[in-house]
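Asker: My questions will all concern the structure given below.
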Amino acid sequence: MQLLASSLLIAMLVLLIASSVLEPAYPGLRWLKAFAEAGAVGGLADLFAVVALFRHPLGLPIPHTAIIPANKDRIAENLGQFVVQQFLTRENIRERLQGNNTAQAIAQWLDEPETQRMVSQFVIDIMPAVLRSIEERDAEHFLRANIAAQLNKLDPSKLAGDVLAAIAMHDKHQKFFDQLLKALEDWLLANQGLVKAKFSQASLYTPGFFDKYVADKVIAGTLALLREVTENPQHELRKQFDQMTVELIERLETSGEYRQCGHEIMSDTLEYLENNNVFITAWSMVRDYILTIFEKERAAMQEGVEGGIVALNEGLLKKPVLQSKLNPWLLEALESWVTRHRNELSALITAVVKSWDPAEVSRKIELEIGRDLQFIRINGTLVGGCAGLALHALTTALPH
């Protein structure tokens with residue numbers, strides 16, 4: 001397009017020279033001379049104007065030329081403000097998205113195998129880098145500020161009572177009681193000699209055979225009792241254990257003494273965790289474990305992420321009922337996010353444009369609109385030529 005516009009301008013200059021030279025011999029050439037002269041002036045003027053937008057014509061620092069490079073920073077600031085004020089507003093976002101089924105659009109996008117591969121690949125690629133970029137001290141600060149802070153708000157005693165109540169609700173505490181009875185029975189069977197020895201040590205003034213006889217009876221009776229309780233779901237000891245459990249639950253949930261004790265245990269535990277760098281150690285172990293999995297099982301991890309995307313898409317986003325619930329939330333979330341961060345987006349646009357090289361910016365813009373710029377030159381040449389003809393006709397028609 002530059003070649004075409006420049007060729008047209010050169011043609012006008014050649015016609016102007018030729019018609020000027022030949023006009024004395026051929027008076028009719030004055031019409032061609034008027035056309036070529038005005039066309040050359042129009043072409044040169046528009047060439048100057050186009051060039052002046054992007055650079056200094058002929059490298060001369062003529063005032064008000066190289067307009068885009070000279071005003072790049074101002075353009076950057078205005079562009080950032082324009083995008084924020086004209087596009088990133090609550091009204092524009094709501095008007096654009098309110099009538100759309102955003103959740104369905106996300107579902108259709110996620111339904112494409114290529115999208116699933118792309119998203120899963122992105123997650124697999126970015127996760128190790130994110131994990132490695134987190135400093136240990138930052139991770140420790142986060143864990144302390146969040147996990148430790150939340151644990152401090154807990155009431156350990158009431159929590160223990162609630163857990164025990166949930167267990168007791170389905171008689172699972174009786175299963176624990178069975179395990180306890182079995183463990184006690186196994187211990188007695190394995191340590192009969194120790195029990196008899198301790199019994200003899202405690203009975204210094206009785207014969208050994210008598211001590212052995214009594215110890216055997218005690219052990220046998222205890223074992224018989226344990227088996228009886230194990231086999232009988234309605235045994236009195238089980239009822240007593242039920243009652244003890246109920247009383248313990250009530251004390252855990254209501255007793256100030258138990259509550260104070262629970263807070264003291266939690267406080268001591270958190271103090272121990274902080275003083276022994278347990279948070280850093282835990283973070284390092286979790287991070288290294290995850291990184292090892294990513295390195296050794298990359299294909300399996302990507303397949304798992306893809307499966308998760310498919311499951312999310314099938315289970316949530318494809319259901320019209322959930323879409324109707326998700327759409328208002330997505331709209332509100334996007335509105336809030338844009339409102340909260342739009343000034344940051346403006347600053348980002350401004351900073352990026354300001355960082356560009358002025359000559360490079362001019363070159364890119366000139367290439368983007370290059371055809372239209374050259375049409376300006378072509379039109380200026382042709383319109384100028386026509387205007388020259390019209391003016392020559394006017395001056396010729398006027399009385400001398």
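Chains: A, B, ... in order of the structure tokens. Residues: from 1 per chain. Ligands: from 1, in order shown.
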What's the 10 Å shell around segment 338-351 of chain A, counting only C-alpha atoms, without same-chain residues fewer than 3 positions away, as a PDB file with C-alpha atoms, in the first residue's frame?
Answerer:
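Generated file (selection.pdb):
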ATOM      1  CA  LYS A  72       2.901   7.643  24.555  1.00  0.00           C
ATOM      2  CA  ASP A  73       2.682   8.070  28.333  1.00  0.00           C
ATOM      3  CA  ARG A  74      -0.379  10.319  28.116  1.00  0.00           C
ATOM      4  CA  ILE A  75      -1.994   7.861  25.695  1.00  0.00           C
ATOM      5  CA  ALA A  76      -1.225   5.034  28.149  1.00  0.00           C
ATOM      6  CA  GLU A  77      -2.878   6.860  31.044  1.00  0.00           C
ATOM      7  CA  ASN A  78      -5.912   7.823  28.973  1.00  0.00           C
ATOM      8  CA  LEU A  79      -6.233   4.286  27.616  1.00  0.00           C
ATOM      9  CA  GLY A  80      -6.190   2.817  31.129  1.00  0.00           C
ATOM     10  CA  GLN A  81      -8.820   5.281  32.333  1.00  0.00           C
ATOM     11  CA  PHE A  82     -10.928   4.815  29.198  1.00  0.00           C
ATOM     12  CA  VAL A  83     -11.061   1.027  29.604  1.00  0.00           C
ATOM     13  CA  VAL A  84     -12.042   1.324  33.269  1.00  0.00           C
ATOM     14  CA  GLN A  85     -14.592   4.108  32.886  1.00  0.00           C
ATOM     15  CA  PHE A  87     -16.019  -0.862  29.921  1.00  0.00           C
ATOM     16  CA  LEU A  88     -15.276  -2.120  33.436  1.00  0.00           C
ATOM     17  CA  THR A  89     -18.348  -0.786  35.186  1.00  0.00           C
ATOM     18  CA  ARG A  90     -21.022  -2.657  37.129  1.00  0.00           C
ATOM     19  CA  ILE A  93     -21.042  -6.047  33.140  1.00  0.00           C
ATOM     20  CA  GLU A 332     -22.275 -10.805  41.639  1.00  0.00           C
ATOM     21  CA  ALA A 333     -18.770 -12.245  42.050  1.00  0.00           C
ATOM     22  CA  LEU A 334     -17.621 -10.800  38.721  1.00  0.00           C
ATOM     23  CA  GLU A 335     -19.179  -7.412  39.457  1.00  0.00           C
ATOM     24  CA  LYS A 354       4.345   3.053  29.210  1.00  0.00           C
ATOM     25  CA  SER A 355       6.953   0.294  29.239  1.00  0.00           C
ATOM     26  CA  TRP A 356       6.771  -0.129  25.465  1.00  0.00           C
TER      27      TRP A 356
END
Asker: Set the distance at 12 Å and use only C-alpha atoms: which residues neighbour Leu322 of chain A once local chain neighbours fewer than 2 positions away are removed? I'd like the list as a ChimeraX atom specification.
Answerer: /A:101-104,107,312-320,324-330
Asker: Would you put the residues from that selection into a file with N, CA and C atoms, as a PDB file, in the first residue's frame?
Answerer:
ATOM      1  N   ASN A 101     -26.617 -17.177  30.157  1.00  0.00           N
ATOM      2  CA  ASN A 101     -26.465 -18.307  31.070  1.00  0.00           C
ATOM      3  C   ASN A 101     -24.962 -18.582  31.199  1.00  0.00           C
ATOM      4  N   THR A 102     -24.320 -17.842  32.108  1.00  0.00           N
ATOM      5  CA  THR A 102     -22.866 -17.935  32.246  1.00  0.00           C
ATOM      6  C   THR A 102     -22.443 -19.331  32.662  1.00  0.00           C
ATOM      7  N   ALA A 103     -23.177 -19.924  33.586  1.00  0.00           N
ATOM      8  CA  ALA A 103     -22.835 -21.273  34.058  1.00  0.00           C
ATOM      9  C   ALA A 103     -22.899 -22.278  32.911  1.00  0.00           C
ATOM     10  N   GLN A 104     -23.911 -22.145  32.073  1.00  0.00           N
ATOM     11  CA  GLN A 104     -24.026 -23.046  30.927  1.00  0.00           C
ATOM     12  C   GLN A 104     -22.876 -22.832  29.944  1.00  0.00           C
ATOM     13  N   ALA A 107     -19.992 -24.547  31.311  1.00  0.00           N
ATOM     14  CA  ALA A 107     -20.160 -25.993  31.154  1.00  0.00           C
ATOM     15  C   ALA A 107     -19.833 -26.429  29.730  1.00  0.00           C
ATOM     16  N   LEU A 312     -16.977 -32.349  37.850  1.00  0.00           N
ATOM     17  CA  LEU A 312     -17.536 -31.044  38.220  1.00  0.00           C
ATOM     18  C   LEU A 312     -18.524 -30.577  37.163  1.00  0.00           C
ATOM     19  N   ASN A 313     -18.138 -30.737  35.915  1.00  0.00           N
ATOM     20  CA  ASN A 313     -18.995 -30.295  34.817  1.00  0.00           C
ATOM     21  C   ASN A 313     -20.305 -31.074  34.786  1.00  0.00           C
ATOM     22  N   GLU A 314     -20.209 -32.404  34.942  1.00  0.00           N
ATOM     23  CA  GLU A 314     -21.405 -33.247  34.892  1.00  0.00           C
ATOM     24  C   GLU A 314     -22.263 -33.066  36.139  1.00  0.00           C
ATOM     25  N   GLY A 315     -21.606 -32.949  37.293  1.00  0.00           N
ATOM     26  CA  GLY A 315     -22.353 -32.942  38.541  1.00  0.00           C
ATOM     27  C   GLY A 315     -22.928 -31.606  38.928  1.00  0.00           C
ATOM     28  N   LEU A 316     -22.325 -30.510  38.423  1.00  0.00           N
ATOM     29  CA  LEU A 316     -22.768 -29.195  38.866  1.00  0.00           C
ATOM     30  C   LEU A 316     -23.284 -28.328  37.722  1.00  0.00           C
ATOM     31  N   LEU A 317     -22.385 -28.046  36.771  1.00  0.00           N
ATOM     32  CA  LEU A 317     -22.695 -27.001  35.818  1.00  0.00           C
ATOM     33  C   LEU A 317     -23.720 -27.389  34.767  1.00  0.00           C
ATOM     34  N   LYS A 318     -23.939 -28.682  34.547  1.00  0.00           N
ATOM     35  CA  LYS A 318     -24.890 -29.090  33.507  1.00  0.00           C
ATOM     36  C   LYS A 318     -26.321 -29.209  34.018  1.00  0.00           C
ATOM     37  N   LYS A 319     -26.518 -29.013  35.295  1.00  0.00           N
ATOM     38  CA  LYS A 319     -27.867 -29.134  35.836  1.00  0.00           C
ATOM     39  C   LYS A 319     -28.542 -27.765  35.828  1.00  0.00           C
ATOM     40  N   PRO A 320     -29.666 -27.625  35.146  1.00  0.00           N
ATOM     41  CA  PRO A 320     -30.337 -26.317  35.049  1.00  0.00           C
ATOM     42  C   PRO A 320     -30.651 -25.696  36.400  1.00  0.00           C
ATOM     43  N   SER A 324     -29.222 -22.052  37.522  1.00  0.00           N
ATOM     44  CA  SER A 324     -30.038 -20.907  37.945  1.00  0.00           C
ATOM     45  C   SER A 324     -29.562 -20.345  39.280  1.00  0.00           C
ATOM     46  N   LYS A 325     -28.952 -21.197  40.094  1.00  0.00           N
ATOM     47  CA  LYS A 325     -28.409 -20.721  41.373  1.00  0.00           C
ATOM     48  C   LYS A 325     -27.009 -20.137  41.204  1.00  0.00           C
ATOM     49  N   LEU A 326     -26.238 -20.713  40.268  1.00  0.00           N
ATOM     50  CA  LEU A 326     -24.861 -20.262  40.069  1.00  0.00           C
ATOM     51  C   LEU A 326     -24.786 -18.929  39.329  1.00  0.00           C
ATOM     52  N   ASN A 327     -25.695 -18.715  38.375  1.00  0.00           N
ATOM     53  CA  ASN A 327     -25.594 -17.510  37.556  1.00  0.00           C
ATOM     54  C   ASN A 327     -25.641 -16.216  38.364  1.00  0.00           C
ATOM     55  N   PRO A 328     -26.602 -16.024  39.294  1.00  0.00           N
ATOM     56  CA  PRO A 328     -26.582 -14.797  40.094  1.00  0.00           C
ATOM     57  C   PRO A 328     -25.296 -14.664  40.905  1.00  0.00           C
ATOM     58  N   TRP A 329     -24.803 -15.793  41.429  1.00  0.00           N
ATOM     59  CA  TRP A 329     -23.568 -15.750  42.210  1.00  0.00           C
ATOM     60  C   TRP A 329     -22.390 -15.359  41.336  1.00  0.00           C
ATOM     61  N   LEU A 330     -22.290 -15.941  40.119  1.00  0.00           N
ATOM     62  CA  LEU A 330     -21.199 -15.607  39.207  1.00  0.00           C
ATOM     63  C   LEU A 330     -21.256 -14.133  38.809  1.00  0.00           C
TER      64      LEU A 330
END
Asker: Counting only C-alpha atoms, give me one row per residue of segment 106-189 of chain A with an atom at most 7 Å from an atom of segment 252-270 of chain A, showing the shortest contact pair and its distance in Å to one decimal, sorted by chain then residue number, as a Markdown table.
Answerer:
| residue | atom | partner | partner_atom | distance |
| --- | --- | --- | --- | --- |
| A:Ala148 | CA | A:Leu270 | CA | 6.9 |
| A:Asp155 | CA | A:His263 | CA | 6.8 |
| A:Pro156 | CA | A:Gly262 | CA | 5.1 |
| A:Ser157 | CA | A:Leu252 | CA | 5.1 |
| A:Lys158 | CA | A:Glu253 | CA | 4.4 |
| A:Ala160 | CA | A:Leu252 | CA | 6.9 |
| A:Gly161 | CA | A:Leu252 | CA | 5.0 |
Asker: Put those residues in a file: N, CA and C atoms, as an mmCIF file, in the first residue's frame.
Answerer:
data_model
loop_
_atom_site.group_PDB
_atom_site.id
_atom_site.type_symbol
_atom_site.label_atom_id
_atom_site.label_comp_id
_atom_site.auth_asym_id
_atom_site.auth_seq_id
_atom_site.Cartn_x
_atom_site.Cartn_y
_atom_site.Cartn_z
ATOM 1 N N ALA A 148 -3.706 -21.852 63.303
ATOM 2 C CA ALA A 148 -3.536 -21.655 64.740
ATOM 3 C C ALA A 148 -4.610 -20.734 65.300
ATOM 4 N N ASP A 155 -13.487 -24.690 71.201
ATOM 5 C CA ASP A 155 -13.702 -25.144 72.580
ATOM 6 C C ASP A 155 -13.440 -26.649 72.578
ATOM 7 N N PRO A 156 -12.197 -27.055 72.907
ATOM 8 C CA PRO A 156 -11.840 -28.469 72.805
ATOM 9 C C PRO A 156 -12.730 -29.385 73.620
ATOM 10 N N SER A 157 -13.131 -28.923 74.793
ATOM 11 C CA SER A 157 -13.955 -29.763 75.665
ATOM 12 C C SER A 157 -15.316 -30.029 75.016
ATOM 13 N N LYS A 158 -15.959 -28.971 74.538
ATOM 14 C CA LYS A 158 -17.276 -29.154 73.906
ATOM 15 C C LYS A 158 -17.152 -29.968 72.622
ATOM 16 N N ALA A 160 -14.942 -32.284 71.985
ATOM 17 C CA ALA A 160 -14.770 -33.681 72.385
ATOM 18 C C ALA A 160 -16.108 -34.285 72.811
ATOM 19 N N GLY A 161 -16.917 -33.478 73.534
ATOM 20 C CA GLY A 161 -18.238 -33.943 73.952
ATOM 21 C C GLY A 161 -19.139 -34.215 72.766
#
Asker: Could you tell me which of A:Pro27, A:Arg132, A:Arg117, A:Met1 comes closest to Asp288 of chain A if we count only C-alpha atoms?
Answerer: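 The answer is A:Arg132, which sits nearest to Asp288 of chain A.
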Asker: So the first atom is atom CA of Val218 of chain A and the second is atom CA of Leu184 of chain A; what is the distance between them in Å, to one decimal place?
Answerer: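 These two atoms are separated by 14.1 Å.
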